[in-house]
>>> print(open('structure-v2.cif').read())   # mmCIF, C-alpha atoms
data_my_file
#
loop_
_atom_site.group_PDB
_atom_site.id
_atom_site.type_symbol
_atom_site.label_atom_id
_atom_site.label_comp_id
_atom_site.auth_asym_id
_atom_site.auth_seq_id
_atom_site.Cartn_x
_atom_site.Cartn_y
_atom_site.Cartn_z
ATOM 1 C CA MET X 1 -41.716 -136.618 -22.613
ATOM 2 C CA GLY X 2 -41.899 -133.198 -20.972
ATOM 3 C CA ALA X 3 -43.276 -132.500 -17.502
ATOM 4 C CA LEU X 4 -46.894 -131.443 -16.967
ATOM 5 C CA HIS X 5 -47.120 -127.950 -15.483
ATOM 6 C CA ARG X 6 -50.207 -126.299 -14.003
ATOM 7 C CA LEU X 7 -51.104 -122.745 -15.092
ATOM 8 C CA GLY X 8 -53.700 -121.824 -12.483
ATOM 9 C CA GLU X 9 -54.598 -118.402 -13.897
ATOM 10 C CA GLY X 10 -55.239 -119.991 -17.276
ATOM 11 C CA SER X 11 -57.212 -122.928 -15.826
ATOM 12 C CA PHE X 12 -55.181 -125.495 -17.738
ATOM 13 C CA ALA X 13 -52.056 -127.598 -17.460
ATOM 14 C CA PHE X 14 -49.496 -127.869 -20.231
ATOM 15 C CA LEU X 15 -47.000 -130.491 -21.288
ATOM 16 C CA GLU X 16 -43.602 -128.795 -21.463
ATOM 17 C CA GLY X 17 -42.297 -128.483 -24.999
ATOM 18 C CA VAL X 18 -39.905 -126.222 -26.888
ATOM 19 C CA PHE X 19 -39.520 -122.443 -27.135
ATOM 20 C CA PRO X 20 -42.376 -121.736 -29.622
ATOM 21 C CA TYR X 21 -45.042 -123.979 -28.065
ATOM 22 C CA SER X 22 -45.970 -126.603 -25.501
ATOM 23 C CA GLN X 23 -46.644 -130.197 -26.518
ATOM 24 C CA GLY X 24 -50.282 -129.933 -25.473
ATOM 25 C CA VAL X 25 -52.749 -128.669 -22.901
ATOM 26 C CA VAL X 26 -55.522 -130.116 -20.737
ATOM 27 C CA ALA X 27 -58.297 -128.252 -18.912
ATOM 28 C CA LEU X 28 -58.177 -128.235 -15.125
ATOM 29 C CA GLU X 29 -61.012 -129.560 -12.978
ATOM 30 C CA GLY X 30 -64.136 -127.455 -13.388
ATOM 31 C CA TYR X 31 -63.111 -126.058 -16.775
ATOM 32 C CA ALA X 32 -63.583 -126.962 -20.420
ATOM 33 C CA ILE X 33 -61.903 -125.902 -23.667
ATOM 34 C CA GLU X 34 -63.669 -124.086 -26.487
ATOM 35 C CA ARG X 35 -62.271 -123.518 -29.980
ATOM 36 C CA ALA X 36 -62.976 -120.504 -32.184
ATOM 37 C CA CYS X 37 -62.164 -120.555 -35.915
ATOM 38 C CA PHE X 38 -61.932 -117.404 -38.037
ATOM 39 C CA ALA X 39 -63.920 -117.390 -41.274
ATOM 40 C CA ARG X 40 -60.757 -116.241 -43.064
ATOM 41 C CA PRO X 41 -57.139 -116.178 -41.858
ATOM 42 C CA VAL X 42 -56.376 -113.102 -39.747
ATOM 43 C CA PRO X 43 -52.795 -111.685 -39.742
ATOM 44 C CA VAL X 44 -51.011 -112.529 -36.498
ATOM 45 C CA ALA X 45 -50.919 -109.043 -34.939
ATOM 46 C CA GLU X 46 -54.604 -108.423 -35.681
ATOM 47 C CA GLY X 47 -55.375 -111.975 -34.587
ATOM 48 C CA PHE X 48 -53.910 -111.372 -31.147
ATOM 49 C CA ARG X 49 -56.017 -108.216 -30.826
ATOM 50 C CA ARG X 50 -59.176 -110.093 -31.813
ATOM 51 C CA ILE X 51 -58.380 -112.962 -29.458
ATOM 52 C CA ALA X 52 -57.889 -110.531 -26.584
ATOM 53 C CA ALA X 53 -61.252 -108.899 -27.363
ATOM 54 C CA HIS X 54 -62.970 -112.293 -27.631
ATOM 55 C CA LEU X 55 -61.611 -113.437 -24.273
ATOM 56 C CA GLU X 56 -62.562 -110.158 -22.621
ATOM 57 C CA GLY X 57 -66.068 -110.466 -24.046
ATOM 58 C CA TRP X 58 -66.468 -113.837 -22.384
ATOM 59 C CA GLY X 59 -64.980 -112.618 -19.120
ATOM 60 C CA ARG X 60 -61.815 -114.672 -19.531
ATOM 61 C CA PRO X 61 -58.233 -113.493 -18.920
ATOM 62 C CA LYS X 62 -55.616 -113.526 -21.656
ATOM 63 C CA ALA X 63 -53.978 -116.410 -19.781
ATOM 64 C CA ALA X 64 -56.984 -118.567 -20.768
ATOM 65 C CA LEU X 65 -55.573 -118.803 -24.313
ATOM 66 C CA CYS X 66 -54.265 -122.366 -24.464
ATOM 67 C CA ALA X 67 -53.783 -123.263 -28.146
ATOM 68 C CA CYS X 68 -53.268 -121.525 -31.483
ATOM 69 C CA GLU X 69 -53.634 -122.732 -35.069
ATOM 70 C CA LEU X 70 -51.655 -120.660 -37.562
ATOM 71 C CA ARG X 71 -51.505 -120.502 -41.357
ATOM 72 C CA SER X 72 -48.440 -119.315 -43.273
ATOM 73 C CA PRO X 73 -47.932 -118.252 -46.921
ATOM 74 C CA LYS X 74 -45.386 -121.037 -47.460
ATOM 75 C CA PRO X 75 -43.062 -123.248 -45.402
ATOM 76 C CA PHE X 76 -40.323 -121.291 -43.628
ATOM 77 C CA SER X 77 -36.632 -121.904 -43.844
ATOM 78 C CA PHE X 78 -35.310 -123.151 -40.506
ATOM 79 C CA ALA X 79 -33.831 -119.706 -39.773
ATOM 80 C CA GLY X 80 -36.994 -117.935 -40.925
ATOM 81 C CA PHE X 81 -39.125 -120.094 -38.643
ATOM 82 C CA ALA X 82 -36.931 -119.171 -35.671
ATOM 83 C CA GLU X 83 -37.261 -115.462 -36.496
ATOM 84 C CA PHE X 84 -41.056 -115.697 -36.747
ATOM 85 C CA ASN X 85 -41.254 -117.555 -33.453
ATOM 86 C CA ARG X 86 -39.408 -114.818 -31.568
ATOM 87 C CA GLY X 87 -42.060 -112.231 -32.425
ATOM 88 C CA TYR X 88 -44.933 -114.620 -31.740
ATOM 89 C CA VAL X 89 -43.577 -115.715 -28.353
ATOM 90 C CA ALA X 90 -42.939 -112.096 -27.336
ATOM 91 C CA VAL X 91 -46.709 -111.526 -27.283
ATOM 92 C CA LEU X 92 -47.307 -114.676 -25.245
ATOM 93 C CA GLU X 93 -44.710 -113.449 -22.771
ATOM 94 C CA GLN X 94 -46.622 -110.178 -22.392
ATOM 95 C CA TRP X 95 -49.768 -112.208 -21.740
ATOM 96 C CA GLY X 96 -48.074 -114.282 -19.018
ATOM 97 C CA LEU X 97 -48.110 -117.432 -21.126
ATOM 98 C CA TYR X 98 -44.358 -117.688 -21.601
ATOM 99 C CA ARG X 99 -42.356 -117.549 -18.390
ATOM 100 C CA ASP X 100 -39.330 -119.197 -16.825
ATOM 101 C CA GLY X 101 -38.314 -120.495 -20.237
ATOM 102 C CA ARG X 102 -41.579 -122.412 -20.689
ATOM 103 C CA ASN X 103 -44.288 -121.803 -23.274
ATOM 104 C CA ALA X 104 -47.736 -122.846 -22.050
ATOM 105 C CA VAL X 105 -49.592 -122.549 -25.371
ATOM 106 C CA ALA X 106 -49.964 -125.483 -27.760
ATOM 107 C CA ARG X 107 -49.708 -124.679 -31.478
ATOM 108 C CA SER X 108 -49.873 -125.897 -35.029
ATOM 109 C CA ASN X 109 -48.583 -123.821 -37.937
ATOM 110 C CA VAL X 110 -49.025 -125.032 -41.506
ATOM 111 C CA ALA X 111 -48.930 -123.632 -45.044
ATOM 112 C CA PRO X 112 -52.033 -124.162 -47.244
ATOM 113 C CA GLU X 113 -51.142 -125.343 -50.734
ATOM 114 C CA VAL X 114 -54.262 -123.656 -52.178
ATOM 115 C CA ASP X 115 -55.241 -120.042 -51.433
ATOM 116 C CA PRO X 116 -52.570 -119.400 -48.790
ATOM 117 C CA PRO X 117 -52.705 -116.177 -46.749
ATOM 118 C CA ALA X 118 -50.480 -113.278 -47.758
ATOM 119 C CA ASP X 119 -48.948 -113.126 -44.271
ATOM 120 C CA PRO X 120 -48.621 -115.491 -41.294
ATOM 121 C CA SER X 121 -52.107 -115.598 -39.831
ATOM 122 C CA PHE X 122 -54.399 -117.085 -37.212
ATOM 123 C CA HIS X 123 -56.794 -119.787 -38.384
ATOM 124 C CA ALA X 124 -58.215 -120.742 -34.980
ATOM 125 C CA PHE X 125 -57.532 -120.619 -31.253
ATOM 126 C CA SER X 126 -58.664 -122.466 -28.129
ATOM 127 C CA TYR X 127 -59.265 -121.208 -24.609
ATOM 128 C CA THR X 128 -60.607 -122.371 -21.264
ATOM 129 C CA VAL X 129 -64.036 -121.583 -19.816
ATOM 130 C CA PRO X 130 -65.726 -122.550 -16.544
ATOM 131 C CA ALA X 131 -67.746 -125.762 -16.822
ATOM 132 C CA ALA X 132 -70.111 -127.539 -14.473
ATOM 133 C CA ARG X 133 -68.607 -130.922 -15.281
ATOM 134 C CA ALA X 134 -65.049 -132.091 -14.685
ATOM 135 C CA GLY X 135 -62.757 -130.642 -17.326
ATOM 136 C CA ARG X 136 -61.083 -133.335 -19.432
ATOM 137 C CA ASP X 137 -60.820 -131.411 -22.681
ATOM 138 C CA PHE X 138 -57.370 -131.284 -24.271
ATOM 139 C CA VAL X 139 -55.438 -130.071 -27.307
ATOM 140 C CA VAL X 140 -52.299 -131.777 -28.626
ATOM 141 C CA ALA X 141 -49.857 -129.505 -30.460
ATOM 142 C CA GLY X 142 -48.907 -130.185 -34.053
ATOM 143 C CA SER X 143 -45.871 -132.319 -34.812
ATOM 144 C CA GLY X 144 -44.111 -133.134 -38.048
ATOM 145 C CA GLU X 145 -41.664 -135.963 -38.641
ATOM 146 C CA TRP X 146 -38.745 -134.286 -36.902
ATOM 147 C CA PRO X 147 -37.781 -134.702 -33.229
ATOM 148 C CA GLU X 148 -38.112 -131.113 -32.008
ATOM 149 C CA GLY X 149 -34.806 -129.906 -30.602
ATOM 150 C CA GLY X 150 -32.868 -132.456 -32.660
ATOM 151 C CA ARG X 151 -30.511 -131.759 -35.531
ATOM 152 C CA PHE X 152 -32.145 -130.182 -38.548
ATOM 153 C CA PRO X 153 -32.441 -131.458 -41.211
ATOM 154 C CA GLU X 154 -30.317 -134.510 -40.326
ATOM 155 C CA ASP X 155 -32.838 -135.991 -37.870
ATOM 156 C CA ILE X 156 -35.916 -135.755 -40.105
ATOM 157 C CA VAL X 157 -37.548 -139.195 -40.224
ATOM 158 C CA ALA X 158 -37.102 -140.757 -43.696
ATOM 159 C CA ARG X 159 -35.558 -137.487 -44.821
ATOM 160 C CA GLY X 160 -36.279 -136.715 -48.468
ATOM 161 C CA ASP X 161 -38.185 -139.980 -48.951
ATOM 162 C CA VAL X 162 -41.690 -139.360 -50.315
ATOM 163 C CA THR X 163 -42.225 -142.910 -51.532
ATOM 164 C CA GLU X 164 -45.056 -144.949 -50.017
ATOM 165 C CA ALA X 165 -42.581 -146.590 -47.661
ATOM 166 C CA GLY X 166 -41.049 -143.256 -46.653
ATOM 167 C CA LEU X 167 -44.399 -141.611 -45.953
ATOM 168 C CA ARG X 168 -45.449 -144.621 -43.900
ATOM 169 C CA LYS X 169 -42.353 -144.204 -41.722
ATOM 170 C CA LYS X 170 -43.108 -140.523 -41.308
ATOM 171 C CA ALA X 171 -46.761 -141.160 -40.426
ATOM 172 C CA GLU X 172 -45.895 -143.912 -37.945
ATOM 173 C CA TRP X 173 -43.422 -141.641 -36.172
ATOM 174 C CA VAL X 174 -45.916 -138.761 -35.937
ATOM 175 C CA LEU X 175 -48.712 -141.076 -34.765
ATOM 176 C CA GLY X 176 -46.401 -142.268 -32.015
ATOM 177 C CA LYS X 177 -45.690 -138.679 -31.021
ATOM 178 C CA MET X 178 -49.417 -137.916 -30.817
ATOM 179 C CA GLU X 179 -49.939 -140.946 -28.566
ATOM 180 C CA GLU X 180 -47.011 -139.973 -26.364
ATOM 181 C CA ARG X 181 -48.381 -136.465 -25.884
ATOM 182 C CA MET X 182 -51.874 -137.725 -25.085
ATOM 183 C CA ARG X 183 -50.469 -140.047 -22.444
ATOM 184 C CA GLY X 184 -48.528 -137.173 -20.948
ATOM 185 C CA LEU X 185 -51.653 -135.016 -20.712
ATOM 186 C CA GLY X 186 -53.572 -137.591 -18.701
ATOM 187 C CA GLY X 187 -53.652 -141.003 -20.305
ATOM 188 C CA PHE X 188 -55.820 -140.093 -23.292
ATOM 189 C CA GLY X 189 -56.004 -142.015 -26.560
ATOM 190 C CA PHE X 190 -57.200 -141.394 -30.110
ATOM 191 C CA GLY X 191 -60.659 -142.587 -29.101
ATOM 192 C CA ASP X 192 -60.959 -139.571 -26.795
ATOM 193 C CA ALA X 193 -60.391 -137.018 -29.588
ATOM 194 C CA SER X 194 -63.180 -135.004 -31.198
ATOM 195 C CA ALA X 195 -60.940 -134.057 -34.149
ATOM 196 C CA VAL X 196 -57.704 -135.481 -35.561
ATOM 197 C CA GLN X 197 -56.093 -133.309 -38.246
ATOM 198 C CA VAL X 198 -53.510 -134.375 -40.846
ATOM 199 C CA TYR X 199 -51.539 -131.810 -42.868
ATOM 200 C CA THR X 200 -49.771 -132.956 -46.022
ATOM 201 C CA VAL X 201 -49.875 -132.566 -49.804
ATOM 202 C CA ARG X 202 -48.588 -136.117 -50.265
ATOM 203 C CA HIS X 203 -50.562 -139.313 -50.747
ATOM 204 C CA PHE X 204 -50.151 -140.504 -47.182
ATOM 205 C CA PRO X 205 -51.142 -143.939 -45.762
ATOM 206 C CA VAL X 206 -54.742 -142.991 -44.930
ATOM 207 C CA GLU X 207 -55.606 -146.465 -43.675
ATOM 208 C CA LEU X 208 -52.770 -146.392 -41.133
ATOM 209 C CA VAL X 209 -53.989 -143.119 -39.631
ATOM 210 C CA ALA X 210 -57.694 -143.988 -39.893
ATOM 211 C CA GLN X 211 -57.182 -147.222 -37.964
ATOM 212 C CA ARG X 212 -56.374 -145.079 -34.937
ATOM 213 C CA ALA X 213 -58.208 -141.809 -35.608
ATOM 214 C CA GLY X 214 -61.421 -143.288 -37.009
ATOM 215 C CA ALA X 215 -64.197 -140.895 -38.034
ATOM 216 C CA ALA X 216 -62.473 -137.971 -36.294
ATOM 217 C CA LEU X 217 -59.850 -137.765 -39.082
ATOM 218 C CA VAL X 218 -59.730 -134.593 -41.224
ATOM 219 C CA TRP X 219 -57.141 -134.099 -43.995
ATOM 220 C CA HIS X 220 -55.961 -130.540 -44.721
ATOM 221 C CA TYR X 221 -54.123 -129.977 -48.007
ATOM 222 C CA CYS X 222 -51.299 -128.079 -46.321
ATOM 223 C CA ARG X 223 -47.554 -128.383 -45.853
ATOM 224 C CA PRO X 224 -45.814 -128.460 -42.464
ATOM 225 C CA PRO X 225 -44.257 -125.133 -41.414
ATOM 226 C CA ILE X 226 -40.588 -125.846 -42.194
ATOM 227 C CA GLN X 227 -39.037 -126.712 -45.551
ATOM 228 C CA GLY X 228 -38.089 -130.380 -45.677
ATOM 229 C CA LEU X 229 -41.039 -131.723 -43.666
ATOM 230 C CA GLU X 230 -43.902 -133.572 -45.357
ATOM 231 C CA PHE X 231 -46.380 -134.802 -42.732
ATOM 232 C CA GLU X 232 -47.911 -133.176 -39.665
ATOM 233 C CA MET X 233 -50.757 -133.932 -37.263
ATOM 234 C CA ASP X 234 -52.550 -132.377 -34.318
ATOM 235 C CA LEU X 235 -55.691 -133.350 -32.414
ATOM 236 C CA ARG X 236 -58.115 -132.143 -29.804
ATOM 237 C CA ARG X 237 -61.123 -132.844 -27.655
ATOM 238 C CA VAL X 238 -63.093 -129.652 -27.031
ATOM 239 C CA SER X 239 -66.550 -128.977 -25.667
ATOM 240 C CA LEU X 240 -67.659 -126.379 -28.188
ATOM 241 C CA GLU X 241 -66.554 -125.066 -31.602
ATOM 242 C CA ARG X 242 -67.310 -121.511 -32.722
ATOM 243 C CA ARG X 243 -66.934 -119.779 -36.085
ATOM 244 C CA LEU X 244 -66.010 -116.107 -36.014
ATOM 245 C CA ALA X 245 -66.749 -113.690 -38.836
#
>>> encode(input="structure-v2.cif", output="structure tokens")
Amino acid sequence: MGALHRLGEGSFAFLEGVFPYSQGVVALEGYAIERACFARPVPVAEGFRRIAAHLEGWGRPKAALCACELRSPKPFSFAGFAEFNRGYVAVLEQWGLYRDGRNAVARSNVAPEVDPPADPSFHAFSYTVPAARAGRDFVVAGSGEWPEGGRFPEDIVARGDVTEAGLRKKAEWVLGKMEERMRGLGGFGFGDASAVQVYTVRHFPVELVAQRAGAALVWHYCRPPIQGLEFEMDLRRVSLERRLA
């Protein structure tokens, strides 16, 4: 598990992850997290401009951006994913959210099977705001069934196995990763989440996930961002959800 780092100017702490994203974020004391979802996917460059304008409108700095949800036309090759990430992280670096080799922003990035966007796009984003109560809102970054930083594709859990048994192994591994990240953010559990999202086009073991996620579970008919992966999850507890035109 990565270390928890405080980003004072963003009013959140983040669980250290890999180059493209942190493992998750949690609001600092006196702050909450809000989530804004675009009515339709917005191409990444335009999305960053709209996010900057949204934050400015609410009197928040760019460093308040703590999580991003992306949508892609189709799963990337491993090399293509790395190329995309370089351009995406370059903007975060300009915003002071990537520094000293650490990315503060949590992320999920999936490919809708139906009506995908023409280009990599923003679906939603989360940010911190002042709150009268103690801030315990959090967002856990998306994870598929591959240990990030491991060998690819050799280390994919149940690699190439889309049988019921294989998908159960994948789901169990990802559920464990979600629990690990929640513990790292402050001892949270599935019962603390306001939304638990599953991304797959396979018939996954719903009962296994629902036993932990309960009524917060939402299934998105999407593929994980890299070819060869079949099952991804993310989750959050936020104070307010907005829909942007």
>>> resolve_selection(input="structure-v2.cif", expression="the PyMOL selection byres ((chain X and resi 180-190) around 8)", output="PyMOL selection string")
chain X and resi 1-4+14-15+23-26+138+140+176-179+191-193+212-213
>>> resolve_selection(input="structure-v2.cif", expression="the PyMOL selection byres ((chain X and resi 81) around 12)", output="mmCIF file with C-alpha atoms, in the frame of the given file")
data_model
loop_
_atom_site.group_PDB
_atom_site.id
_atom_site.type_symbol
_atom_site.label_atom_id
_atom_site.label_comp_id
_atom_site.auth_asym_id
_atom_site.auth_seq_id
_atom_site.Cartn_x
_atom_site.Cartn_y
_atom_site.Cartn_z
ATOM 1 C CA PHE X 19 -39.520 -122.443 -27.135
ATOM 2 C CA PRO X 20 -42.376 -121.736 -29.622
ATOM 3 C CA SER X 72 -48.440 -119.315 -43.273
ATOM 4 C CA LYS X 74 -45.386 -121.037 -47.460
ATOM 5 C CA PRO X 75 -43.062 -123.248 -45.402
ATOM 6 C CA PHE X 76 -40.323 -121.291 -43.628
ATOM 7 C CA SER X 77 -36.632 -121.904 -43.844
ATOM 8 C CA PHE X 78 -35.310 -123.151 -40.506
ATOM 9 C CA ALA X 79 -33.831 -119.706 -39.773
ATOM 10 C CA GLY X 80 -36.994 -117.935 -40.925
ATOM 11 C CA ALA X 82 -36.931 -119.171 -35.671
ATOM 12 C CA GLU X 83 -37.261 -115.462 -36.496
ATOM 13 C CA PHE X 84 -41.056 -115.697 -36.747
ATOM 14 C CA ASN X 85 -41.254 -117.555 -33.453
ATOM 15 C CA ARG X 86 -39.408 -114.818 -31.568
ATOM 16 C CA GLY X 87 -42.060 -112.231 -32.425
ATOM 17 C CA TYR X 88 -44.933 -114.620 -31.740
ATOM 18 C CA ASN X 109 -48.583 -123.821 -37.937
ATOM 19 C CA VAL X 110 -49.025 -125.032 -41.506
ATOM 20 C CA PRO X 120 -48.621 -115.491 -41.294
ATOM 21 C CA PRO X 224 -45.814 -128.460 -42.464
ATOM 22 C CA PRO X 225 -44.257 -125.133 -41.414
ATOM 23 C CA ILE X 226 -40.588 -125.846 -42.194
ATOM 24 C CA GLN X 227 -39.037 -126.712 -45.551
#
>>> resolve_selection(input="structure-v2.cif", expression="the PyMOL selection byres ((chain X and resi 48) around 10)", output="list in words")
Val42, Pro43, Val44, Ala45, Glu46, Gly47, Arg49, Arg50, Ile51, Ala52, Ala53, His54, Lys62, Tyr88, Val91, Leu92, Ser121, Phe122 and Phe125 of chain X
>>> atom_distance(input="structure-v2.cif", atom1="atom CA of Gly10 of chain X", atom2="atom CA of Phe38 of chain X")
22.0 Å
>>> residues_near_point(input="structure-v2.cif", point="(-65.1, -122.8, -22.2)", cutoff="6 Å", atoms="all atoms listed in the file", output="MDAnalysis selection string")
chainID X and resid 32:34 128:130
>>> closest_residue(input="structure-v2.cif", among="X:Gly142, X:Leu240, X:Tyr21, X:Glu230", to="Thr163 of chain X", atoms="all atoms listed in the file")
X:Glu230
>>> atom_distance(input="structure-v2.cif", atom1="atom CA of Trp173 of chain X", atom2="atom CA of Gly214 of chain X")
18.1 Å
>>> closest_residue(input="structure-v2.cif", among="X:Ala171, X:Val218, X:Ala132, X:Val139", to="Arg202 of chain X", atoms="only C-alpha atoms")
X:Ala171
>>> atom_distance(input="structure-v2.cif", atom1="atom CA of Ser143 of chain X", atom2="atom CA of Glu207 of chain X")
19.3 Å
>>> closest_residue(input="structure-v2.cif", among="X:Trp58, X:Trp95, X:Phe231, X:Tyr199", to="Glu9 of chain X", atoms="only C-alpha atoms")
X:Trp95
>>> closest_residue(input="structure-v2.cif", among="X:Val114, X:Ala124, X:Ala245, X:Leu229", to="Pro153 of chain X", atoms="only C-alpha atoms")
X:Leu229
>>> closest_residue(input="structure-v2.cif", among="X:Leu167, X:Ala63, X:Val201, X:Ala118", to="Asn103 of chain X", atoms="all atoms listed in the file")
X:Ala63
>>> axis_aligned_box(input="structure-v2.cif", around="segment 188-193 of chain X", padding_each_side="8 Å", output="lines of an AutoDock Vina configuration file")
center_x = -58.4
center_y = -139.8
center_z = -26.7
size_x = 21.1
size_y = 21.6
size_z = 22.8
>>> closest_residue(input="structure-v2.cif", among="X:Pro41, X:Gly17, X:Glu241, X:Pro205", to="Ala165 of chain X", atoms="only C-alpha atoms")
X:Pro205
>>> decode(input="structure-v2.cif", residues="segment 162-178 of chain X", atoms="N, CA and C atoms", output="PDB file, in the first residue's frame")
ATOM      1  N   VAL X 162     -12.409 -15.981 -19.025  1.00  0.00           N
ATOM      2  CA  VAL X 162     -13.674 -15.272 -18.835  1.00  0.00           C
ATOM      3  C   VAL X 162     -14.787 -16.244 -18.457  1.00  0.00           C
ATOM      4  N   THR X 163     -14.406 -17.417 -17.956  1.00  0.00           N
ATOM      5  CA  THR X 163     -15.389 -18.337 -17.410  1.00  0.00           C
ATOM      6  C   THR X 163     -15.918 -17.765 -16.095  1.00  0.00           C
ATOM      7  N   GLU X 164     -16.945 -18.391 -15.545  1.00  0.00           N
ATOM      8  CA  GLU X 164     -17.489 -17.953 -14.262  1.00  0.00           C
ATOM      9  C   GLU X 164     -16.416 -17.982 -13.181  1.00  0.00           C
ATOM     10  N   ALA X 165     -15.615 -19.044 -13.192  1.00  0.00           N
ATOM     11  CA  ALA X 165     -14.555 -19.163 -12.187  1.00  0.00           C
ATOM     12  C   ALA X 165     -13.492 -18.080 -12.382  1.00  0.00           C
ATOM     13  N   GLY X 166     -13.134 -17.810 -13.637  1.00  0.00           N
ATOM     14  CA  GLY X 166     -12.125 -16.794 -13.907  1.00  0.00           C
ATOM     15  C   GLY X 166     -12.583 -15.406 -13.517  1.00  0.00           C
ATOM     16  N   LEU X 167     -13.834 -15.069 -13.829  1.00  0.00           N
ATOM     17  CA  LEU X 167     -14.356 -13.750 -13.482  1.00  0.00           C
ATOM     18  C   LEU X 167     -14.508 -13.598 -11.973  1.00  0.00           C
ATOM     19  N   ARG X 168     -14.788 -14.687 -11.288  1.00  0.00           N
ATOM     20  CA  ARG X 168     -14.855 -14.626  -9.826  1.00  0.00           C
ATOM     21  C   ARG X 168     -13.476 -14.303  -9.244  1.00  0.00           C
ATOM     22  N   LYS X 169     -12.442 -14.910  -9.780  1.00  0.00           N
ATOM     23  CA  LYS X 169     -11.081 -14.613  -9.317  1.00  0.00           C
ATOM     24  C   LYS X 169     -10.731 -13.148  -9.565  1.00  0.00           C
ATOM     25  N   LYS X 170     -11.106 -12.668 -10.741  1.00  0.00           N
ATOM     26  CA  LYS X 170     -10.830 -11.270 -11.064  1.00  0.00           C
ATOM     27  C   LYS X 170     -11.572 -10.337 -10.098  1.00  0.00           C
ATOM     28  N   ALA X 171     -12.860 -10.604  -9.893  1.00  0.00           N
ATOM     29  CA  ALA X 171     -13.669  -9.757  -9.020  1.00  0.00           C
ATOM     30  C   ALA X 171     -13.153  -9.788  -7.585  1.00  0.00           C
ATOM     31  N   GLU X 172     -12.786 -10.961  -7.099  1.00  0.00           N
ATOM     32  CA  GLU X 172     -12.271 -11.061  -5.731  1.00  0.00           C
ATOM     33  C   GLU X 172     -10.988 -10.253  -5.570  1.00  0.00           C
ATOM     34  N   TRP X 173     -10.129 -10.301  -6.573  1.00  0.00           N
ATOM     35  CA  TRP X 173      -8.871  -9.551  -6.489  1.00  0.00           C
ATOM     36  C   TRP X 173      -9.154  -8.040  -6.461  1.00  0.00           C
ATOM     37  N   VAL X 174     -10.052  -7.587  -7.334  1.00  0.00           N
ATOM     38  CA  VAL X 174     -10.352  -6.152  -7.400  1.00  0.00           C
ATOM     39  C   VAL X 174     -11.064  -5.689  -6.130  1.00  0.00           C
ATOM     40  N   LEU X 175     -11.981  -6.501  -5.603  1.00  0.00           N
ATOM     41  CA  LEU X 175     -12.637  -6.158  -4.346  1.00  0.00           C
ATOM     42  C   LEU X 175     -11.605  -5.992  -3.228  1.00  0.00           C
ATOM     43  N   GLY X 176     -10.641  -6.879  -3.197  1.00  0.00           N
ATOM     44  CA  GLY X 176      -9.572  -6.766  -2.211  1.00  0.00           C
ATOM     45  C   GLY X 176      -8.773  -5.497  -2.375  1.00  0.00           C
ATOM     46  N   LYS X 177      -8.536  -5.100  -3.622  1.00  0.00           N
ATOM     47  CA  LYS X 177      -7.805  -3.851  -3.873  1.00  0.00           C
ATOM     48  C   LYS X 177      -8.610  -2.638  -3.407  1.00  0.00           C
ATOM     49  N   MET X 178      -9.923  -2.655  -3.641  1.00  0.00           N
ATOM     50  CA  MET X 178     -10.763  -1.556  -3.170  1.00  0.00           C
ATOM     51  C   MET X 178     -10.697  -1.449  -1.640  1.00  0.00           C
TER      52      MET X 178
END
